[in-house]
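Only one structure is covered here, and it is reproduced in the block below.
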Amino acid sequence: MGLYEAGVEYGNHIFDEWESCSSSDYPVVVTIGEEIFFGAELVTKQTGLKVLARTCWASMTNSPVDPARYYLQKDGCPTDPTFRRLRSENPYVDKFSFKAFQLMVDQTAVIYLHCEMYSCDAADSDTTVCNVPGRF
């Protein structure tokens with residue numbers, strides 16, 4: 001079991017350096033269609049693990065159990081056409097991106113991102129991620 005931390009970087013295709021947002025940075029304003037980059041890092045002293053965001057969704061509330069949601073990926077499979085899993089050389093980091101969208105007519109509405117994260121043995125090749133060409 002570990003502590004999960006999320007880092008967020010916007011508009012940069014190079015993900016080598018984290019530019020994490022603090023609570024004072026929110027809400028971050030993006031335009032519709034802008035590519036947004038997210039990463040999640042498993043912070044643990046245990047070795048031999050990897051982390052995976054298996055299901056991610058957006059909602060209009062900060063509650064991860066709100067049933068009104070828009071899935072970006074579900075059970076490791078992309079459901080949003082702009083969702084891309086990005087290559088990470090670090091098994092403790094999972095990275096992905098998608099293009100900003102609006103859930104409602106109000107373009108100024110705040111949208112929350114939620115993800116179910118899994119950690120597993122780094123040697124385990126069965127991550128249940130869809131084998132989609134061009135995606136990692």
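Following the order of the structure tokens, first chain is A, next is B, and so on, with residues numbered from 1 inside each chain and ligands from 1 in the order they appear.
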
Find the residues around Ser63 (chain A) up to 9 Å (only C-alpha atoms counted), leave out those fewer than 4 positions away in its own chain, and share them as number ranges by chain.
A: 59, 112, 114

For the residues selected in the previous step, produce a file with N, CA, C and O atoms as a PDB file, in the first residue's frame.
```pdb
ATOM      1  N   SER A  59     -16.312  14.759 -13.672  1.00  0.00           N
ATOM      2  CA  SER A  59     -17.643  15.041 -13.137  1.00  0.00           C
ATOM      3  C   SER A  59     -17.743  16.521 -12.797  1.00  0.00           C
ATOM      4  O   SER A  59     -16.733  17.232 -12.772  1.00  0.00           O
ATOM      5  N   TYR A 112     -14.069  18.198 -12.498  1.00  0.00           N
ATOM      6  CA  TYR A 112     -13.160  17.455 -11.626  1.00  0.00           C
ATOM      7  C   TYR A 112     -12.760  16.153 -12.304  1.00  0.00           C
ATOM      8  O   TYR A 112     -13.586  15.486 -12.921  1.00  0.00           O
ATOM      9  N   HIS A 114     -11.269  12.336 -11.729  1.00  0.00           N
ATOM     10  CA  HIS A 114     -11.125  11.277 -10.730  1.00  0.00           C
ATOM     11  C   HIS A 114     -10.502  10.066 -11.411  1.00  0.00           C
ATOM     12  O   HIS A 114     -10.827   9.763 -12.558  1.00  0.00           O
TER      13      HIS A 114
END
```

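The neighbours of Tyr70 (chain A) here are the residues that come within 10 Å of it, using only C-alpha atoms and leaving out any residue fewer than 4 positions away in the same chain; they are Cys56, Trp57, Ala58, Ser59, Met60, Thr79, Asp80, Leu103 and Leu113 of chain A.
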
Per-residue nearest contacts region 65-132 of chain A to region 25-28 of chain A, cut-off 12 Å, using only C-alpha atoms, as a tab-separated table:
```
residue	atom	partner	partner_atom	distance
A:Ala100	CA	A:Val28	CA	11.5
A:Thr108	CA	A:Pro27	CA	10.6
A:Ala109	CA	A:Pro27	CA	10.1
A:Val110	CA	A:Pro27	CA	7.2
A:Ile111	CA	A:Pro27	CA	9.0
A:Tyr112	CA	A:Pro27	CA	9.5
A:Leu113	CA	A:Pro27	CA	11.7
```

With N, CA, C and O atoms kept, could you save the residues just selected as an mmCIF file, in the first residue's frame?
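As written to disk, again_37.cif reads:
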```cif
data_model
loop_
_atom_site.group_PDB
_atom_site.id
_atom_site.type_symbol
_atom_site.label_atom_id
_atom_site.label_comp_id
_atom_site.auth_asym_id
_atom_site.auth_seq_id
_atom_site.Cartn_x
_atom_site.Cartn_y
_atom_site.Cartn_z
ATOM 1 N N ALA A 100 -9.231 19.036 -23.563
ATOM 2 C CA ALA A 100 -10.245 19.650 -22.699
ATOM 3 C C ALA A 100 -11.594 19.663 -23.413
ATOM 4 O O ALA A 100 -11.683 19.851 -24.621
ATOM 5 N N THR A 108 -17.763 27.948 -18.311
ATOM 6 C CA THR A 108 -16.951 28.337 -17.151
ATOM 7 C C THR A 108 -17.088 27.349 -16.001
ATOM 8 O O THR A 108 -16.528 27.559 -14.932
ATOM 9 N N ALA A 109 -17.815 26.263 -16.203
ATOM 10 C CA ALA A 109 -18.025 25.280 -15.138
ATOM 11 C C ALA A 109 -16.711 24.595 -14.769
ATOM 12 O O ALA A 109 -15.864 24.344 -15.616
ATOM 13 N N VAL A 110 -16.565 24.288 -13.502
ATOM 14 C CA VAL A 110 -15.403 23.550 -13.018
ATOM 15 C C VAL A 110 -15.659 22.062 -13.253
ATOM 16 O O VAL A 110 -16.743 21.551 -12.972
ATOM 17 N N ILE A 111 -14.661 21.371 -13.789
ATOM 18 C CA ILE A 111 -14.752 19.938 -14.030
ATOM 19 C C ILE A 111 -13.689 19.262 -13.187
ATOM 20 O O ILE A 111 -12.538 19.696 -13.154
ATOM 21 N N TYR A 112 -14.069 18.198 -12.498
ATOM 22 C CA TYR A 112 -13.160 17.455 -11.626
ATOM 23 C C TYR A 112 -12.760 16.153 -12.304
ATOM 24 O O TYR A 112 -13.586 15.486 -12.921
ATOM 25 N N LEU A 113 -11.487 15.796 -12.164
ATOM 26 C CA LEU A 113 -10.986 14.536 -12.700
ATOM 27 C C LEU A 113 -10.784 13.562 -11.547
ATOM 28 O O LEU A 113 -10.219 13.917 -10.514
#
```

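Residues lying within 7 Å of Phe83 (chain A), counting only C-alpha atoms and ignoring same-chain neighbours fewer than 4 positions away, are Leu72, Pro78, Ser97 and Phe98 of chain A.
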
Export C-alpha atoms of the chosen residues as a PDB file, in the first residue's frame?
```
ATOM      1  CA  LEU A  72     -12.056   9.056 -20.216  1.00  0.00           C
ATOM      2  CA  PRO A  78      -9.882   4.479 -23.628  1.00  0.00           C
ATOM      3  CA  SER A  97      -3.421  13.207 -21.711  1.00  0.00           C
ATOM      4  CA  PHE A  98      -6.719  14.202 -23.244  1.00  0.00           C
TER       5      PHE A  98
END
```

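A straight line drawn from CA of Gly48 (chain A) to CA of Ala123 (chain A) is 7.5 Å long.
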
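You will find CA of Phe38 (chain A) at 10.7 Å from CA of Cys115 (chain A).
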
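Among the candidates A:Thr61, A:Ser119, A:Gln73, A:Gln102, the residue lying nearest to Gly33 (chain A) is A:Gln102 (atoms considered: only C-alpha atoms).
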
One decimal place gives the CA of Tyr118 (chain A)-CA of Lys99 (chain A) separation as 23.6 Å

DSSP strand (DSSP E or B) residues within region 82-116 of chain A, as a PyMOL selection string:
chain A and resi 84-86+93-99+112-116
